[in-house]
>>> print(open('input09.txt').read())   # compact mmCIF, C-alpha atoms
# COMPACT_ATOMS: atom_id res chain seq x y z
CA MET A 122 93.55 0.51 73.26
CA ASP A 123 89.91 1.63 73.16
CA ARG A 124 89.46 1.96 69.41
CA GLY A 125 85.66 1.86 69.68
CA GLY A 126 85.64 4.92 71.97
CA SER A 127 87.96 6.78 69.58
CA GLN A 128 85.68 6.07 66.64
CA LYS A 129 82.67 7.37 68.59
CA LYS A 130 84.53 10.61 69.35
CA ARG A 131 85.35 11.07 65.66
CA ASN A 132 81.74 10.44 64.67
CA LYS A 133 80.56 12.92 67.28
CA SER A 134 83.07 15.46 66.05
CA VAL A 135 81.83 15.11 62.46
CA ALA A 136 78.22 15.37 63.61
CA ASN A 137 79.00 18.64 65.35
CA VAL A 138 80.38 20.25 62.17
CA ASP A 139 77.95 22.83 60.74
CA ILE A 140 78.25 21.92 57.05
CA ILE A 141 75.52 24.35 55.92
CA SER A 142 77.13 27.36 57.59
CA ASN A 143 80.58 26.54 56.24
CA LEU A 144 79.68 26.12 52.59
CA PRO A 145 81.77 28.23 50.18
CA ASP A 146 80.15 31.54 49.22
CA VAL A 147 79.82 30.49 45.58
CA ILE A 148 77.83 27.38 46.59
CA LYS A 149 75.59 29.46 48.87
CA ASP A 150 74.89 31.82 46.00
CA LYS A 151 73.99 28.92 43.70
CA ILE A 152 71.56 27.57 46.30
CA LEU A 153 69.89 30.94 46.85
CA CYS A 154 69.55 31.61 43.13
CA CYS A 155 67.59 28.35 42.76
CA LEU A 156 65.00 29.46 45.33
CA PRO A 157 62.06 31.87 44.94
CA ILE A 158 63.44 35.17 46.17
CA LYS A 159 61.17 35.37 49.23
CA GLU A 160 62.41 31.96 50.36
CA ALA A 161 65.99 33.02 49.64
CA VAL A 162 65.59 35.92 52.07
CA GLY A 163 64.13 33.47 54.59
CA THR A 164 67.46 31.60 54.75
CA CYS A 165 68.69 34.38 57.06
CA LEU A 166 67.22 32.23 59.87
CA LEU A 167 69.50 29.26 59.19
CA SER A 168 72.52 30.57 61.09
CA ARG A 169 74.57 33.69 61.74
CA LYS A 170 76.72 33.02 58.70
CA TRP A 171 73.61 32.92 56.49
CA ARG A 172 72.01 36.04 57.97
CA TYR A 173 73.09 38.39 55.21
CA THR A 174 74.07 35.94 52.49
CA TRP A 175 70.91 36.79 50.49
CA ALA A 176 72.09 40.42 50.27
CA SER A 177 74.88 39.43 47.89
CA MET A 178 72.85 37.20 45.53
CA THR A 179 74.03 37.55 41.93
CA GLU A 180 70.73 36.56 40.27
CA LEU A 181 67.55 38.42 41.26
CA ILE A 182 64.17 37.21 40.01
CA PHE A 183 61.12 39.18 41.21
CA ARG A 184 57.76 37.65 40.28
CA GLU A 185 54.67 39.63 41.19
CA ASP A 186 52.51 36.50 41.28
CA ASP A 187 54.56 35.24 44.23
CA PHE A 188 53.05 38.07 46.29
CA ASP A 189 49.41 37.50 45.34
CA LEU A 190 47.19 36.11 48.09
CA SER A 191 44.00 36.22 46.04
CA ASN A 192 42.86 35.81 42.47
CA GLY A 193 42.00 39.47 41.98
CA ILE A 194 44.12 42.60 41.73
CA ASP A 195 44.79 43.93 45.19
CA GLU A 196 46.53 47.27 45.67
CA GLY A 197 47.98 46.13 48.98
CA GLU A 198 49.59 43.08 47.40
CA SER A 199 51.10 45.24 44.67
CA ASN A 200 52.46 47.68 47.21
CA ARG A 201 54.02 44.81 49.19
CA PHE A 202 55.69 43.59 46.01
CA VAL A 203 57.15 47.03 45.27
CA TYR A 204 58.23 47.55 48.89
CA PHE A 205 59.97 44.16 48.88
CA ILE A 206 61.97 45.01 45.74
CA VAL A 207 62.86 48.50 46.97
CA THR A 208 64.01 47.16 50.34
CA PHE A 209 65.90 44.25 48.80
CA LEU A 210 67.80 46.44 46.34
CA SER A 211 68.60 49.04 48.98
CA LEU A 212 70.25 46.34 51.14
CA HIS A 213 71.97 44.51 48.29
CA ASN A 214 75.73 44.90 48.43
CA GLY A 215 77.28 42.95 45.56
CA PRO A 216 77.27 42.59 41.77
CA ILE A 217 73.97 41.76 40.05
CA LEU A 218 74.57 39.48 37.07
CA LYS A 219 70.91 38.75 36.29
CA PHE A 220 67.78 40.81 36.93
CA GLU A 221 64.31 39.52 36.05
CA LEU A 222 61.08 41.37 36.74
CA ASN A 223 57.78 39.60 36.08
CA ALA A 224 55.09 42.22 36.67
CA ARG A 225 51.59 42.90 35.38
CA ARG A 226 50.81 46.24 37.03
CA VAL A 227 51.16 49.33 34.86
CA HIS A 228 52.51 51.65 37.56
CA LEU A 229 55.74 49.68 37.90
CA LEU A 230 56.65 50.38 34.29
CA SER A 231 55.04 53.78 33.68
CA PRO A 232 57.08 56.95 33.06
CA GLY A 233 58.75 57.90 36.33
CA GLY A 234 57.86 54.47 37.75
CA HIS A 235 60.10 52.25 39.86
CA ILE A 236 61.61 50.44 36.86
CA HIS A 237 63.46 53.61 35.84
CA ARG A 238 65.24 53.85 39.20
CA TRP A 239 65.97 50.11 39.26
CA MET A 240 67.35 50.18 35.73
CA LEU A 241 69.66 53.05 36.65
CA MET A 242 70.99 50.99 39.55
CA LEU A 243 71.52 47.98 37.27
CA SER A 244 73.41 50.05 34.71
CA ARG A 245 75.94 50.91 37.44
CA ASN A 246 76.22 47.36 38.72
CA GLY A 247 77.67 45.38 35.79
CA VAL A 248 74.43 43.51 35.02
CA LYS A 249 74.81 40.83 32.31
CA GLU A 250 71.21 39.68 31.86
CA ILE A 251 67.96 41.66 32.02
CA GLN A 252 64.47 40.22 31.58
CA ILE A 253 61.28 42.31 31.84
CA ARG A 254 58.15 40.18 31.48
CA THR A 255 54.74 41.84 31.60
CA ARG A 256 51.16 41.49 30.39
CA ILE A 257 51.14 45.13 29.35
CA TRP A 258 50.75 45.58 25.58
CA ARG A 259 53.29 48.04 24.11
CA ASN A 260 52.67 50.41 26.99
CA TYR A 261 55.97 51.53 28.48
CA LYS A 262 59.10 53.14 27.18
CA ILE A 263 62.39 51.42 27.90
CA PRO A 264 64.35 53.54 30.41
CA SER A 265 67.27 55.30 28.75
CA SER A 266 69.58 53.89 31.44
CA PHE A 267 69.01 50.44 29.92
CA PHE A 268 71.25 51.50 27.05
CA SER A 269 74.04 52.27 29.54
CA CYS A 270 74.35 48.64 30.68
CA GLU A 271 77.76 48.14 29.08
CA GLU A 272 78.27 44.57 30.34
CA LEU A 273 74.90 43.32 29.06
CA GLU A 274 74.99 39.91 27.31
CA TYR A 275 71.30 38.91 27.20
CA ALA A 276 68.09 40.98 27.11
CA TYR A 277 64.43 39.93 27.07
CA LEU A 278 62.00 42.87 27.02
CA GLN A 279 58.22 42.54 26.71
CA GLY A 280 55.48 45.10 26.14
CA CYS A 281 57.76 48.03 25.41
CA ILE A 282 58.35 50.97 23.11
CA PHE A 283 61.92 51.97 22.51
CA GLN A 284 63.97 54.72 20.97
CA LEU A 285 67.74 54.75 20.93
CA PRO A 286 69.27 57.63 22.89
CA PRO A 287 71.38 60.01 20.78
CA LEU A 288 74.67 59.08 22.49
CA PHE A 289 74.15 55.30 22.47
CA THR A 290 77.43 53.56 21.60
CA GLY A 291 76.13 49.99 21.46
CA PHE A 292 76.20 46.76 23.46
CA LYS A 293 79.63 45.33 22.77
CA ARG A 294 79.09 42.03 24.64
CA ILE A 295 75.45 41.16 23.99
CA HIS A 296 74.77 37.87 22.16
CA THR A 297 70.95 37.60 22.48
CA LEU A 298 68.18 40.17 22.04
CA HIS A 299 64.54 39.15 22.48
CA PHE A 300 61.78 41.74 22.15
CA ILE A 301 58.13 40.70 22.42
CA ASP A 302 54.90 42.74 22.13
CA PHE A 303 56.79 45.89 21.28
CA CYS A 304 56.61 48.94 19.07
CA ALA A 305 59.60 50.40 17.22
CA THR A 306 59.90 53.79 15.58
CA GLU A 307 62.10 54.74 12.62
CA ASN A 308 64.87 52.14 12.02
CA ASN A 309 65.78 51.78 15.69
CA ILE A 310 65.93 48.00 15.38
CA GLY A 311 68.43 48.10 12.53
CA GLU A 312 70.55 50.70 14.30
CA LEU A 313 70.49 48.66 17.51
CA VAL A 314 71.60 45.49 15.70
CA ALA A 315 74.36 47.40 13.90
CA SER A 316 75.68 48.59 17.27
CA CYS A 317 75.90 45.04 18.68
CA PRO A 318 78.99 43.52 17.01
CA ASN A 319 78.66 40.14 18.78
CA LEU A 320 74.89 39.65 18.46
CA GLU A 321 74.13 36.05 17.43
CA LYS A 322 70.42 35.67 18.20
CA LEU A 323 67.69 38.20 17.42
CA ILE A 324 64.03 37.49 18.17
CA LEU A 325 61.38 40.10 17.41
CA SER A 326 57.97 38.70 18.44
CA ARG A 327 54.65 40.46 17.83
CA LEU A 328 56.37 43.53 16.47
CA LEU A 329 54.48 46.66 15.42
CA SER A 330 56.45 49.06 13.23
CA PHE A 331 55.37 51.72 10.75
CA ALA A 332 58.96 52.32 9.66
CA ASP A 333 61.30 50.61 7.22
CA ILE A 334 63.29 47.94 9.06
CA SER A 335 66.76 47.27 7.71
CA ILE A 336 68.83 44.64 9.52
CA HIS A 337 72.42 44.10 8.39
CA SER A 338 74.63 41.82 10.48
CA THR A 339 77.54 39.48 9.77
CA LYS A 340 77.35 37.80 13.20
CA LEU A 341 73.69 36.77 13.46
CA LYS A 342 73.07 33.02 13.49
CA ILE A 343 69.41 32.84 14.56
CA LEU A 344 66.77 35.31 13.36
CA ARG A 345 63.05 35.44 14.17
CA VAL A 346 60.83 38.32 13.00
CA ASP A 347 57.08 38.14 13.66
CA GLY A 348 54.59 40.98 13.49
CA MET A 349 53.24 43.88 11.46
CA PHE A 350 55.69 46.01 9.55
CA LYS A 351 55.85 48.17 6.45
CA HIS A 352 59.14 47.14 4.89
CA LEU A 353 61.74 44.56 5.86
CA SER A 354 65.26 44.33 4.44
CA LEU A 355 67.60 41.61 5.71
CA VAL A 356 71.29 41.10 4.92
CA THR A 357 72.51 38.39 7.30
CA PRO A 358 75.04 36.11 5.57
CA HIS A 359 75.77 33.76 8.45
CA VAL A 360 72.26 33.11 9.73
CA SER A 361 71.64 29.36 9.96
CA SER A 362 67.99 29.52 11.09
CA ALA A 363 65.53 32.20 9.95
CA MET A 364 61.81 32.76 10.45
CA VAL A 365 59.83 35.71 9.10
CA SER A 366 56.10 35.94 9.81
CA LEU A 367 54.15 38.97 8.58
CA GLN A 368 50.77 39.55 10.17
CA VAL A 369 48.29 41.81 8.37
CA ASN A 370 45.82 44.07 10.15
CA THR A 371 44.23 46.72 7.97
CA GLY A 372 43.88 48.96 11.01
CA TYR A 373 47.67 49.17 11.31
CA VAL A 374 49.68 48.15 8.26
CA PRO A 375 47.78 47.59 4.98
CA ARG A 376 48.90 44.53 3.01
CA ALA A 377 49.40 46.59 -0.15
CA GLY A 378 52.05 48.65 1.66
CA CYS A 379 54.02 45.66 3.00
CA ASN A 380 57.23 44.65 1.33
CA PHE A 381 59.83 42.03 2.18
CA ASN A 382 62.88 41.84 -0.08
CA LEU A 383 63.32 38.06 -0.14
CA SER A 384 65.67 38.08 -3.14
CA GLN A 385 68.11 40.33 -1.30
CA PHE A 386 67.83 38.18 1.82
CA ILE A 387 68.41 34.91 -0.05
CA GLY A 388 71.25 36.49 -1.98
CA SER A 389 73.03 37.39 1.24
CA LEU A 390 72.83 33.93 2.81
CA LEU A 391 75.82 31.62 3.05
CA ASP A 392 75.09 29.29 6.00
CA ILE A 393 71.29 28.96 6.06
CA GLU A 394 70.01 25.53 7.19
CA ASN A 395 66.30 26.15 7.73
CA ILE A 396 64.01 28.96 6.68
CA SER A 397 60.35 29.68 7.48
CA LEU A 398 58.18 32.28 5.76
CA LEU A 399 54.82 32.43 7.54
CA GLY A 400 51.68 34.55 7.69
CA HIS A 401 51.74 36.91 4.71
CA ALA A 402 55.56 37.04 4.46
CA PHE A 403 55.86 34.81 1.41
CA GLU A 404 52.92 36.49 -0.28
CA CYS A 405 54.53 39.94 0.12
CA ALA A 406 57.99 38.63 -0.73
CA ALA A 407 56.82 36.76 -3.80
CA HIS A 408 56.27 39.98 -5.76
CA GLY A 409 60.01 40.68 -5.67
CA ILE A 410 61.13 37.30 -7.03
CA LEU A 411 61.61 36.60 -10.72
CA PRO A 412 61.85 32.99 -11.99
CA GLY A 413 65.44 31.85 -12.15
CA LYS A 414 66.78 35.06 -10.59
CA LEU A 415 67.72 33.91 -7.10
CA PRO A 416 71.49 34.35 -7.19
CA ARG A 417 73.09 31.40 -5.43
CA LEU A 418 72.71 27.76 -4.42
CA LEU A 419 72.02 27.22 -0.72
CA ASN A 420 73.77 23.89 -0.25
CA ARG A 421 73.24 23.80 3.52
CA LEU A 422 69.52 24.51 3.34
CA THR A 423 67.71 21.33 4.39
CA GLU A 424 64.34 22.57 5.67
CA ILE A 425 61.79 25.00 4.22
CA THR A 426 58.47 25.99 5.82
CA LEU A 427 56.04 28.22 3.90
CA ALA A 428 52.57 29.63 4.31
CA ILE A 429 51.58 29.67 0.64
CA ASP A 430 48.73 29.85 -1.85
CA LEU A 431 49.79 27.28 -4.44
CA GLY A 432 47.01 28.61 -6.65
CA ASN A 433 48.71 32.01 -6.96
CA LEU A 434 51.06 32.11 -9.94
CA LYS A 435 53.52 34.56 -8.34
CA GLU A 436 53.72 32.55 -5.14
CA ALA A 437 54.04 29.29 -7.06
CA ASN A 438 56.88 30.76 -9.15
CA ALA A 439 58.63 32.06 -6.04
CA ALA A 440 58.34 28.68 -4.29
CA HIS A 441 59.75 26.93 -7.34
CA CYS A 442 62.70 29.35 -7.38
CA LEU A 443 63.35 28.67 -3.69
CA PHE A 444 63.24 24.89 -4.17
CA GLN A 445 65.65 25.18 -7.09
CA VAL A 446 68.39 26.81 -5.01
CA ALA A 447 68.12 24.15 -2.27
CA PRO A 448 69.58 20.96 -3.83
CA ASN A 449 69.96 19.23 -0.45
CA LEU A 450 66.45 19.90 0.79
CA ARG A 451 65.34 17.20 3.24
CA ARG A 452 62.08 18.52 4.65
CA ILE A 453 59.24 20.71 3.34
CA GLU A 454 56.27 21.92 5.36
CA LEU A 455 53.55 23.96 3.66
CA GLU A 456 50.67 25.71 5.38
CA LEU A 457 48.27 25.84 2.44
CA ILE A 458 46.18 28.98 2.14
CA SER A 459 43.57 30.21 -0.32
CA ARG A 460 43.90 33.99 -0.24
CA GLY A 461 40.86 34.47 -2.47
CA TYR A 462 42.35 36.74 -5.11
CA SER A 463 44.81 34.39 -6.79
CA ALA A 464 45.94 34.66 -10.37
CA PRO A 465 45.25 31.25 -11.99
CA THR A 466 48.23 28.92 -12.15
CA SER A 467 46.80 27.00 -15.13
CA ASN A 468 48.96 23.85 -15.12
CA PHE A 469 52.02 25.41 -13.49
CA TRP A 470 53.05 22.44 -11.34
CA ASP A 471 52.24 19.99 -14.16
CA SER A 472 54.59 21.95 -16.44
CA ILE A 473 57.63 21.48 -14.17
CA ASP A 474 60.25 19.15 -15.66
CA HIS A 475 60.21 15.98 -13.55
CA GLN A 476 63.74 15.20 -14.67
CA ALA A 477 65.11 18.37 -13.08
CA GLY A 478 65.57 16.62 -9.73
CA LEU A 479 63.79 19.32 -7.73
CA PHE A 480 63.27 17.00 -4.73
CA ASN A 481 66.13 14.52 -5.17
CA ASN A 482 67.01 14.45 -1.46
CA LEU A 483 63.61 15.10 0.07
CA ASP A 484 62.85 12.83 3.02
CA THR A 485 59.70 14.34 4.57
CA ALA A 486 56.85 16.47 3.23
CA VAL A 487 54.04 17.96 5.31
CA LEU A 488 51.02 19.60 3.68
CA ASN A 489 48.67 21.24 6.18
CA ASN A 490 45.12 22.38 5.34
CA PHE A 491 45.11 20.39 2.08
CA ALA A 492 41.86 21.06 0.19
CA GLY A 493 42.56 19.09 -2.98
CA SER A 494 42.47 22.04 -5.41
CA CYS A 495 44.00 21.59 -8.87
CA ALA A 496 47.11 23.50 -7.83
CA GLU A 497 47.54 21.54 -4.59
CA SER A 498 46.96 18.21 -6.30
CA GLY A 499 49.39 19.17 -9.07
CA PHE A 500 52.09 20.04 -6.53
CA LEU A 501 51.54 16.80 -4.58
CA LYS A 502 51.73 14.79 -7.81
CA LEU A 503 55.04 16.49 -8.71
CA LEU A 504 56.43 15.91 -5.25
CA LEU A 505 55.57 12.21 -5.14
CA GLU A 506 56.88 11.57 -8.66
CA ASP A 507 60.08 13.59 -8.21
CA ALA A 508 61.27 12.49 -4.73
CA PRO A 509 63.17 9.18 -5.04
CA VAL A 510 64.11 8.92 -1.33
CA LEU A 511 60.88 10.25 0.18
CA ARG A 512 59.85 8.37 3.32
CA VAL A 513 56.81 10.30 4.60
CA ALA A 514 54.23 12.58 3.02
CA ARG A 515 51.89 13.75 5.76
CA ILE A 516 48.68 15.36 4.52
CA GLU A 517 46.28 17.08 6.88
CA ASP A 518 42.98 17.84 5.13
CA ARG A 519 40.70 18.77 8.05
CA ASN A 520 37.99 16.52 6.55
CA LYS A 521 37.79 18.58 3.35
CA LEU A 522 38.38 15.69 0.93
CA ASP A 523 35.63 13.34 -0.21
CA LYS A 524 36.21 9.61 -0.69
CA GLU A 525 36.90 9.89 -4.43
CA SER A 526 39.53 12.57 -3.87
CA LEU A 527 41.18 10.45 -1.21
CA LYS A 528 41.28 7.45 -3.55
CA ARG A 529 42.89 9.49 -6.33
CA LEU A 530 45.43 10.87 -3.88
CA LEU A 531 46.42 7.44 -2.57
CA LYS A 532 46.76 6.09 -6.13
CA MET A 533 49.28 8.75 -7.19
CA ARG A 534 52.51 7.28 -8.56
CA ARG A 535 55.51 7.50 -6.23
CA ALA A 536 59.17 7.59 -7.21
CA SER A 537 60.16 6.17 -3.82
CA LYS A 538 59.14 2.61 -3.03
CA ASP A 539 59.40 3.47 0.68
CA ALA A 540 57.16 6.58 0.51
CA GLU A 541 54.28 6.45 2.97
CA VAL A 542 51.31 8.81 2.51
CA ILE A 543 49.70 9.59 5.86
CA LEU A 544 46.28 11.27 5.90
CA LEU A 545 45.26 13.14 9.01
>>> encode(input="input09.txt", output="structure tokens")
Amino acid sequence: MDRGGSQKKRNKSVANVDIISNLPDVIKDKILCCLPIKEAVGTCLLSRKWRYTWASMTELIFREDDFDLSNGIDEGESNRFVYFIVTFLSLHNGPILKFELNARRVHLLSPGGHIHRWMLMLSRNGVKEIQIRTRIWRNYKIPSSFFSCEELEYAYLQGCIFQLPPLFTGFKRIHTLHFIDFCATENNIGELVASCPNLEKLILSRLLSFADISIHSTKLKILRVDGMFKHLSLVTPHVSSAMVSLQVNTGYVPRAGCNFNLSQFIGSLLDIENISLLGHAFECAAHGILPGKLPRLLNRLTEITLAIDLGNLKEANAAHCLFQVAPNLRRIELELISRGYSAPTSNFWDSIDHQAGLFNNLDTAVLNNFAGSCAESGFLKLLLEDAPVLRVARIEDRNKLDKESLKRLLKMRRASKDAEVILL
């Protein structure tokens, strides 16, 4: 029996099998979705079975930079980009689960522009994820058809202005909302959040709002708010990670008119693990905090980050209140600021009872922009003397301290024998 000849026939038979053409449709789709979309269309040349596979891709990512042949702005390149998208969408014949547009030209997003027609198509196609990335600064209004995307689960929108349509009934499935470089009117943000019963992650980056923002949600787990606003009210009991950063620009929102109700926010929290109050957020919030009036212990809170003027009595009091309600605090990071109009703290940090166990579980402390003022030195002295398990105190002084100040700092008594003071 010629077994060698039989083996050669089997090998030849295997070699003749077109594995690429016979891949399951779901595998083909995965492959195409990993390619730049122009290259995905180019797979039509592989074989007859791949000729129209691109037309049923479930994830569409259009990047304008992929169509640039030069470093400048060329109208022809922009037109080719638009024509490609229009042609692609007109030939597409399946569900679109993800749509991403990365564009920098204004005309794509302007009123009556292409994005309005594309968004209408997406709203009728069961889209689950929409991302609009642009270098335009708060320049276009979100198409009303966006709010008709009933299957939406994730949205990332940049450079937009939005108003909720009167008949908006909410996004019942969405779990993540990310707005960046955007402008909101009235309390549209709060109303939008209230209409998303399963929203778990809300990120508002570089927000501009002249209205009162009131966000109430029992589902949110991650919250980020960064920008310029007039008033912020947060009631989010199950948030585990929160960051609020208030930027002040006297041409938009004057600092005197800013208000953040931190006491209400803290009072609503049940599951918070880390909290950051940056920019002017803690300064504006501090005016609403009375010593000893924060209502509950935050036993899960292990990390606090603050931008703070330790030489301001109201801010110092507010920080002390926050530390008091966090008995399991493990890490503190302070961005030290001198705002220039501080009420004197006298010996506030020196007057704190060292037996109160304010930092009993503190492991790491980071003090950035340390200038060695009386208030800052008093806080550092309290921290070192009241933290029995402290391992690292990292102090970044930006060369502001002289040799004598450095010597005094390094000689401070430490409750933890393992505490290491690192000067940067």
>>> residues_around(input="input09.txt", residues="A:Ile253", least_positions_apart="3", cutoff="8 Å", atoms="all atoms listed in the file", output="mmCIF file with C-alpha atoms, in the coordinates of the input")
data_model
loop_
_atom_site.group_PDB
_atom_site.id
_atom_site.type_symbol
_atom_site.label_atom_id
_atom_site.label_comp_id
_atom_site.auth_asym_id
_atom_site.auth_seq_id
_atom_site.Cartn_x
_atom_site.Cartn_y
_atom_site.Cartn_z
ATOM 1 C CA GLU A 221 64.310 39.520 36.050
ATOM 2 C CA LEU A 222 61.080 41.370 36.740
ATOM 3 C CA ASN A 223 57.780 39.600 36.080
ATOM 4 C CA ALA A 224 55.090 42.220 36.670
ATOM 5 C CA TYR A 277 64.430 39.930 27.070
ATOM 6 C CA LEU A 278 62.000 42.870 27.020
ATOM 7 C CA GLN A 279 58.220 42.540 26.710
#
>>> residues_near_point(input="input09.txt", point="(64.4, 52.7, 30.9)", cutoff="8 Å", atoms="only C-alpha atoms", output="PDB file with C-alpha atoms, keeping the file's coordinate frame")
ATOM      1  CA  ILE A 236      61.610  50.440  36.860  1.00  0.00           C
ATOM      2  CA  HIS A 237      63.460  53.610  35.840  1.00  0.00           C
ATOM      3  CA  MET A 240      67.350  50.180  35.730  1.00  0.00           C
ATOM      4  CA  LEU A 241      69.660  53.050  36.650  1.00  0.00           C
ATOM      5  CA  LYS A 262      59.100  53.140  27.180  1.00  0.00           C
ATOM      6  CA  ILE A 263      62.390  51.420  27.900  1.00  0.00           C
ATOM      7  CA  PRO A 264      64.350  53.540  30.410  1.00  0.00           C
ATOM      8  CA  SER A 265      67.270  55.300  28.750  1.00  0.00           C
ATOM      9  CA  SER A 266      69.580  53.890  31.440  1.00  0.00           C
ATOM     10  CA  PHE A 267      69.010  50.440  29.920  1.00  0.00           C
ATOM     11  CA  PHE A 268      71.250  51.500  27.050  1.00  0.00           C
TER      12      PHE A 268
END
>>> atom_distance(input="input09.txt", atom1="atom CA of A:Arg534", atom2="atom CA of A:Gly499")
12.3 Å
>>> closest_residue(input="input09.txt", among="A:Ser244, A:Thr290, A:Thr426, A:Thr174", to="A:Glu454", atoms="all atoms listed in the file")
A:Thr426
>>> residues_around(input="input09.txt", residues="A:Asp150", least_positions_apart="4", cutoff="9 Å", atoms="only C-alpha atoms", output="ChimeraX atom specification")
/A:145-146,154-155,174-175,177-180
>>> atom_distance(input="input09.txt", atom1="atom CA of A:Asn143", atom2="atom CA of A:Val162")
18.2 Å
>>> closest_residue(input="input09.txt", among="A:Gln445, A:Asn438, A:Ser494, A:Thr208", to="A:Ser472", atoms="only C-alpha atoms")
A:Asn438
>>> residues_around(input="input09.txt", residues="A:Phe350", least_positions_apart="4", cutoff="8 Å", atoms="all atoms listed in the file", output="ChimeraX atom specification")
/A:328-334,367,374,379
>>> residues_around(input="input09.txt", residues="A:Leu298", least_positions_apart="6", cutoff="10 Å", atoms="all atoms listed in the file", output="PyMOL selection string")
chain A and resi 274-278+313-314+317+320-325
>>> closest_residue(input="input09.txt", among="A:Val513, A:Ala540, A:Ala440, A:Leu181", to="A:Leu427", atoms="all atoms listed in the file")
A:Ala440
>>> atom_distance(input="input09.txt", atom1="atom CA of A:Gly400", atom2="atom CA of A:Asp302")
16.9 Å
>>> closest_residue(input="input09.txt", among="A:Leu390, A:Ala305, A:Ile543, A:Ile425", to="A:Ser338", atoms="only C-alpha atoms")
A:Leu390
>>> residues_near_point(input="input09.txt", point="(47.6, 24.9, 6.6)", cutoff="10 Å", atoms="all atoms listed in the file", output="JSON, numbers by chain")
{"A": [427, 428, 429, 430, 454, 455, 456, 457, 458, 459, 487, 488, 489, 490, 491, 492, 516, 517, 518, 519]}
>>> closest_residue(input="input09.txt", among="A:Ser397, A:Asn468, A:Ser498, A:Ser537", to="A:Phe480", atoms="all atoms listed in the file")
A:Ser537
>>> closest_residue(input="input09.txt", among="A:Met364, A:Ile301, A:Leu434, A:Leu544", to="A:Ala402", atoms="all atoms listed in the file")
A:Met364
>>> residues_around(input="input09.txt", residues="A:Glu394", least_positions_apart="6", cutoff="10 Å", atoms="all atoms listed in the file", output="list in words")
Val360, Ser361, Ser362, Ala363, Leu419, Asn420, Arg421, Leu422, Thr423, Glu424, Ile425, Ala447, Asn449 and Leu450 of chain A
